[in-house]
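Notes for the one structure printed next.
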Amino acid sequence: MDDCVVDCAVYVGGERTVGHLSHQAALEEVRRRGTGFCWVGLYEPNDRQMESIATTFGLHELAVEDVVHAHQRPKLERYDDLVFLVLRTVQYLEHGRLTGVSRIVDTGEIMVLVGSDFVITVRHGEHTGLAGVRHMLEDMTERLALGPMAVLHAVADHVVDTYVDVAQRVEQDIDAMEQTVFTPNRKIEIEPIYQLKHEILEFRRSVNPLAAPLQILVSPAGDVPKEIRRYLRDVADHHTHVADEIAVFDDAMSAMIGASLAKVATQQNSDLRKISAIVALAAVPTMFAGVYGMNFEHMPELSWTVGYPLLLTLVATVCVGLFVVFRVKRWL
């Protein structure tokens, strides 16, 4: 068995047959029986490994190219009797305090190739495991007996369920960020807000394009069994709900950025007023010192005994007066 093959099994009547088979032997067993299908699970196959798989199952070269090189948008394509579905997976990354470089989501890919008597799932990314999906389906023999499309539905349902979970976690991050932004007298750092918006954009790129493929799959004009279409409609509803939430997230982040920029501008104006007030206070003694520092012989009050104390009193009075005015205006 190739290194990229994670699991390969034959299912007849919803039951997994005994034995560990290669993908060639699994397909031969299905066609010998004339019933059931084989499910081959692959993890990041290379060109050489996919060449053997493609030859055995008669896969189109364009589908093989997409499988190997990955980095595809969610899409649904048909090659004669082959249905090729690409899904983007999303994982929420645990983190502490949000910074300008915090990662919130990590993305991967799952590709599902469905034929009349086989289904091939291809995973890219460390968080895209489907062992739980396979085990769940093996416990639901009636569902698995519906054929390869039942696997496609289970994979799509699993991926969209992770979207729901990630959306809930991202919402908590947005709530925390809103509390920070709108707390009075709190210093604002704009970089974490932009980073969170960037991560939400990455989340949206993974989720939103899947809407069109799901609508095609649930269409009565397609060749998806009626029972599977019912389940896929539920998946499509959950996907729509997540897409709507992401739109709300994006609006909230745009509003926060606007509010943050306004708050930063206000903070800068406040700092500028304080600096101006301090400069004005320093200007008074500087002015008098500049005048009396000139080397003129005939200057007022030079011969007065009380001249020096009077000058200091005048400077102090003016400075205190300015300080009181600036405090009343909240410049200091």
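Within each chain, counting starts at residue 1; across the structure tokens, chains are named A, B, ... in the order shown, with ligands numbered 1 upward in that order.
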All residues 7 Å or closer to Val133 in chain A, only C-alpha atoms, same chain fewer than 3 positions away omitted, as a PyMOL selection string | chain A and resi 130+136-137+154-155
How would the residues just chosen look if you wrote them out with N, CA and C atoms as a PDB file, in the first residue's frame?
ATOM      1  N   LEU A 130      -9.937  12.517   8.606  1.00  0.00           N
ATOM      2  CA  LEU A 130     -11.303  12.041   8.350  1.00  0.00           C
ATOM      3  C   LEU A 130     -11.574  10.690   9.014  1.00  0.00           C
ATOM      4  N   MET A 136     -17.742   7.103  12.020  1.00  0.00           N
ATOM      5  CA  MET A 136     -19.147   7.460  12.216  1.00  0.00           C
ATOM      6  C   MET A 136     -20.020   6.815  11.151  1.00  0.00           C
ATOM      7  N   LEU A 137     -19.581   6.879   9.902  1.00  0.00           N
ATOM      8  CA  LEU A 137     -20.358   6.285   8.815  1.00  0.00           C
ATOM      9  C   LEU A 137     -20.438   4.764   8.950  1.00  0.00           C
ATOM     10  N   ALA A 154     -21.086  13.199   4.085  1.00  0.00           N
ATOM     11  CA  ALA A 154     -20.502  13.150   5.427  1.00  0.00           C
ATOM     12  C   ALA A 154     -19.273  14.056   5.520  1.00  0.00           C
ATOM     13  N   VAL A 155     -18.457  14.066   4.484  1.00  0.00           N
ATOM     14  CA  VAL A 155     -17.266  14.916   4.486  1.00  0.00           C
ATOM     15  C   VAL A 155     -17.666  16.395   4.467  1.00  0.00           C
TER      16      VAL A 155
END
Residues within 9 Å of range 54-57 of chain A, only C-alpha atoms, excluding chain neighbours under 2 positions, as an MDAnalysis selection string = chainID A and resid 23:24 27 49:52 59:61 64 115 118
Using only C-alpha atoms, find each residue of range 95-146 of chain A with at least one atom at most 7 Å away from an atom of range 79-88 of chain A; report its shortest atom-to-atom pair and that distance in Å (one decimal), sort the rows by chain and rising residue number, and return the result as CSV.
residue,atom,partner,partner_atom,distance
A:Thr107,CA,A:Arg88,CA,6.7
A:Gly108,CA,A:Arg88,CA,5.8
A:Glu109,CA,A:Arg88,CA,4.5
A:Ile110,CA,A:Leu87,CA,5.2
A:Met111,CA,A:Val86,CA,4.5
A:Val112,CA,A:Leu85,CA,5.1
A:Leu113,CA,A:Phe84,CA,4.6
A:Val114,CA,A:Val83,CA,5.0
A:Gly115,CA,A:Leu82,CA,4.9
Selected residues written out, N, CA and C atoms, as a short mmCIF file (atom, residue, chain, number, x, y, z; two decimals), in the first residue's frame:
data_model
loop_
_atom_site.label_atom_id
_atom_site.label_comp_id
_atom_site.auth_asym_id
_atom_site.auth_seq_id
_atom_site.Cartn_x
_atom_site.Cartn_y
_atom_site.Cartn_z
N THR A 107 -5.77 26.97 7.45
CA THR A 107 -6.60 26.38 6.41
C THR A 107 -5.92 25.17 5.78
N GLY A 108 -6.72 24.28 5.24
CA GLY A 108 -6.25 23.11 4.51
C GLY A 108 -7.27 22.78 3.43
N GLU A 109 -7.17 21.59 2.88
CA GLU A 109 -8.08 21.21 1.80
C GLU A 109 -8.47 19.74 1.91
N ILE A 110 -9.70 19.46 1.53
CA ILE A 110 -10.17 18.09 1.35
C ILE A 110 -10.81 18.02 -0.02
N MET A 111 -10.43 17.01 -0.79
CA MET A 111 -10.99 16.81 -2.12
C MET A 111 -11.68 15.46 -2.15
N VAL A 112 -12.85 15.44 -2.74
CA VAL A 112 -13.65 14.21 -2.82
C VAL A 112 -13.92 13.90 -4.28
N LEU A 113 -13.50 12.72 -4.72
CA LEU A 113 -13.75 12.26 -6.09
C LEU A 113 -14.71 11.09 -6.01
N VAL A 114 -15.87 11.24 -6.63
CA VAL A 114 -16.94 10.24 -6.52
C VAL A 114 -17.23 9.64 -7.89
N GLY A 115 -17.12 8.33 -7.97
CA GLY A 115 -17.51 7.59 -9.16
C GLY A 115 -18.71 6.71 -8.85
#
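Each of A:Ser254, A:Thr89, A:Ser206, A:Ser116 was compared to Ala156 in chain A using only C-alpha atoms, and A:Thr89 turns out to be the nearest.
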Enumerate, as a ChimeraX atom specification, the complete set of residues in range 52-301 of chain A that a backbone-based DSSP assignment places in helix (DSSP H, G or I).
-> /A:52-57,61-69,131-138,141-144,148-181,190-218,226-292
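The space separating CA of Asp106 in chain A from CA of Thr128 in chain A comes to 10.6 Å.
Distance annotation: of A:Met149, A:Cys38, A:Arg273, A:His158, the residue with the minimal separation from Val218 in chain A is A:Met149; atom set is only C-alpha atoms.
With only C-alpha atoms as the atoms that count, the minimum distance from Lys226 in chain A to the choices A:Glu28, A:Glu142, A:Asp175, A:Ala150 is reached by A:Ala150.
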Report as a tab-separated table: every residue of range 185-302 of chain A with an atom at most 9 Å from range 319-332 of chain A, its closest pair of atoms, and their distance in Å to one decimal, counting only C-alpha atoms, with rows sorted by chain and ascending residue number.
residue	atom	partner	partner_atom	distance
A:Ser270	CA	A:Trp331	CA	7.1
A:Asp271	CA	A:Trp331	CA	8.6
A:Leu272	CA	A:Trp331	CA	9.0
A:Arg273	CA	A:Trp331	CA	5.5
A:Lys274	CA	A:Trp331	CA	5.3
A:Ile275	CA	A:Trp331	CA	8.8
A:Ser276	CA	A:Trp331	CA	8.5
A:Ala277	CA	A:Trp331	CA	6.6
A:Ile278	CA	A:Leu332	CA	8.4
A:Ala280	CA	A:Leu322	CA	8.0
A:Leu281	CA	A:Cys319	CA	5.7
A:Ala282	CA	A:Cys319	CA	8.2
A:Val284	CA	A:Cys319	CA	6.9
A:Pro285	CA	A:Cys319	CA	8.2
Store the residues picked out above in a file with N, CA and C atoms, as a PDB file, in the first residue's frame.
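Result written to again.pdb:
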ATOM      1  N   SER A 270      -5.381  65.117  21.930  1.00  0.00           N
ATOM      2  CA  SER A 270      -5.220  65.373  23.357  1.00  0.00           C
ATOM      3  C   SER A 270      -3.745  65.541  23.717  1.00  0.00           C
ATOM      4  N   ASP A 271      -2.914  64.686  23.151  1.00  0.00           N
ATOM      5  CA  ASP A 271      -1.471  64.793  23.409  1.00  0.00           C
ATOM      6  C   ASP A 271      -0.934  66.120  22.868  1.00  0.00           C
ATOM      7  N   LEU A 272      -1.430  66.508  21.699  1.00  0.00           N
ATOM      8  CA  LEU A 272      -0.967  67.765  21.104  1.00  0.00           C
ATOM      9  C   LEU A 272      -1.370  68.959  21.967  1.00  0.00           C
ATOM     10  N   ARG A 273      -2.574  68.923  22.528  1.00  0.00           N
ATOM     11  CA  ARG A 273      -3.014  70.016  23.411  1.00  0.00           C
ATOM     12  C   ARG A 273      -2.133  70.091  24.661  1.00  0.00           C
ATOM     13  N   LYS A 274      -1.794  68.929  25.208  1.00  0.00           N
ATOM     14  CA  LYS A 274      -0.945  68.913  26.398  1.00  0.00           C
ATOM     15  C   LYS A 274       0.430  69.492  26.097  1.00  0.00           C
ATOM     16  N   ILE A 275       0.971  69.094  24.947  1.00  0.00           N
ATOM     17  CA  ILE A 275       2.282  69.610  24.558  1.00  0.00           C
ATOM     18  C   ILE A 275       2.226  71.127  24.364  1.00  0.00           C
ATOM     19  N   SER A 276       1.147  71.597  23.722  1.00  0.00           N
ATOM     20  CA  SER A 276       0.994  73.037  23.492  1.00  0.00           C
ATOM     21  C   SER A 276       0.877  73.789  24.803  1.00  0.00           C
ATOM     22  N   ALA A 277       0.147  73.235  25.761  1.00  0.00           N
ATOM     23  CA  ALA A 277      -0.016  73.889  27.057  1.00  0.00           C
ATOM     24  C   ALA A 277       1.320  73.965  27.791  1.00  0.00           C
ATOM     25  N   ILE A 278       2.095  72.868  27.746  1.00  0.00           N
ATOM     26  CA  ILE A 278       3.400  72.867  28.417  1.00  0.00           C
ATOM     27  C   ILE A 278       4.341  73.881  27.771  1.00  0.00           C
ATOM     28  N   ALA A 280       3.415  76.593  26.246  1.00  0.00           N
ATOM     29  CA  ALA A 280       2.964  77.934  26.635  1.00  0.00           C
ATOM     30  C   ALA A 280       3.438  78.289  28.040  1.00  0.00           C
ATOM     31  N   LEU A 281       3.386  77.320  28.956  1.00  0.00           N
ATOM     32  CA  LEU A 281       3.857  77.580  30.320  1.00  0.00           C
ATOM     33  C   LEU A 281       5.355  77.861  30.330  1.00  0.00           C
ATOM     34  N   ALA A 282       6.093  77.109  29.524  1.00  0.00           N
ATOM     35  CA  ALA A 282       7.546  77.324  29.489  1.00  0.00           C
ATOM     36  C   ALA A 282       7.918  78.621  28.780  1.00  0.00           C
ATOM     37  N   VAL A 284       6.580  81.608  29.071  1.00  0.00           N
ATOM     38  CA  VAL A 284       6.511  82.822  29.901  1.00  0.00           C
ATOM     39  C   VAL A 284       7.855  83.114  30.571  1.00  0.00           C
ATOM     40  N   PRO A 285       8.409  82.187  31.377  1.00  0.00           N
ATOM     41  CA  PRO A 285       9.728  82.517  31.974  1.00  0.00           C
ATOM     42  C   PRO A 285      10.815  82.656  30.929  1.00  0.00           C
TER      43      PRO A 285
END
Excluding Phe37 in chain A and any residue of its chain fewer than 5 positions from it, enumerate the residues within 12 Å of it, using only C-alpha atoms, and give them as a PyMOL selection string.
-> chain A and resi 8-17+23+26-32+114-120+144-151
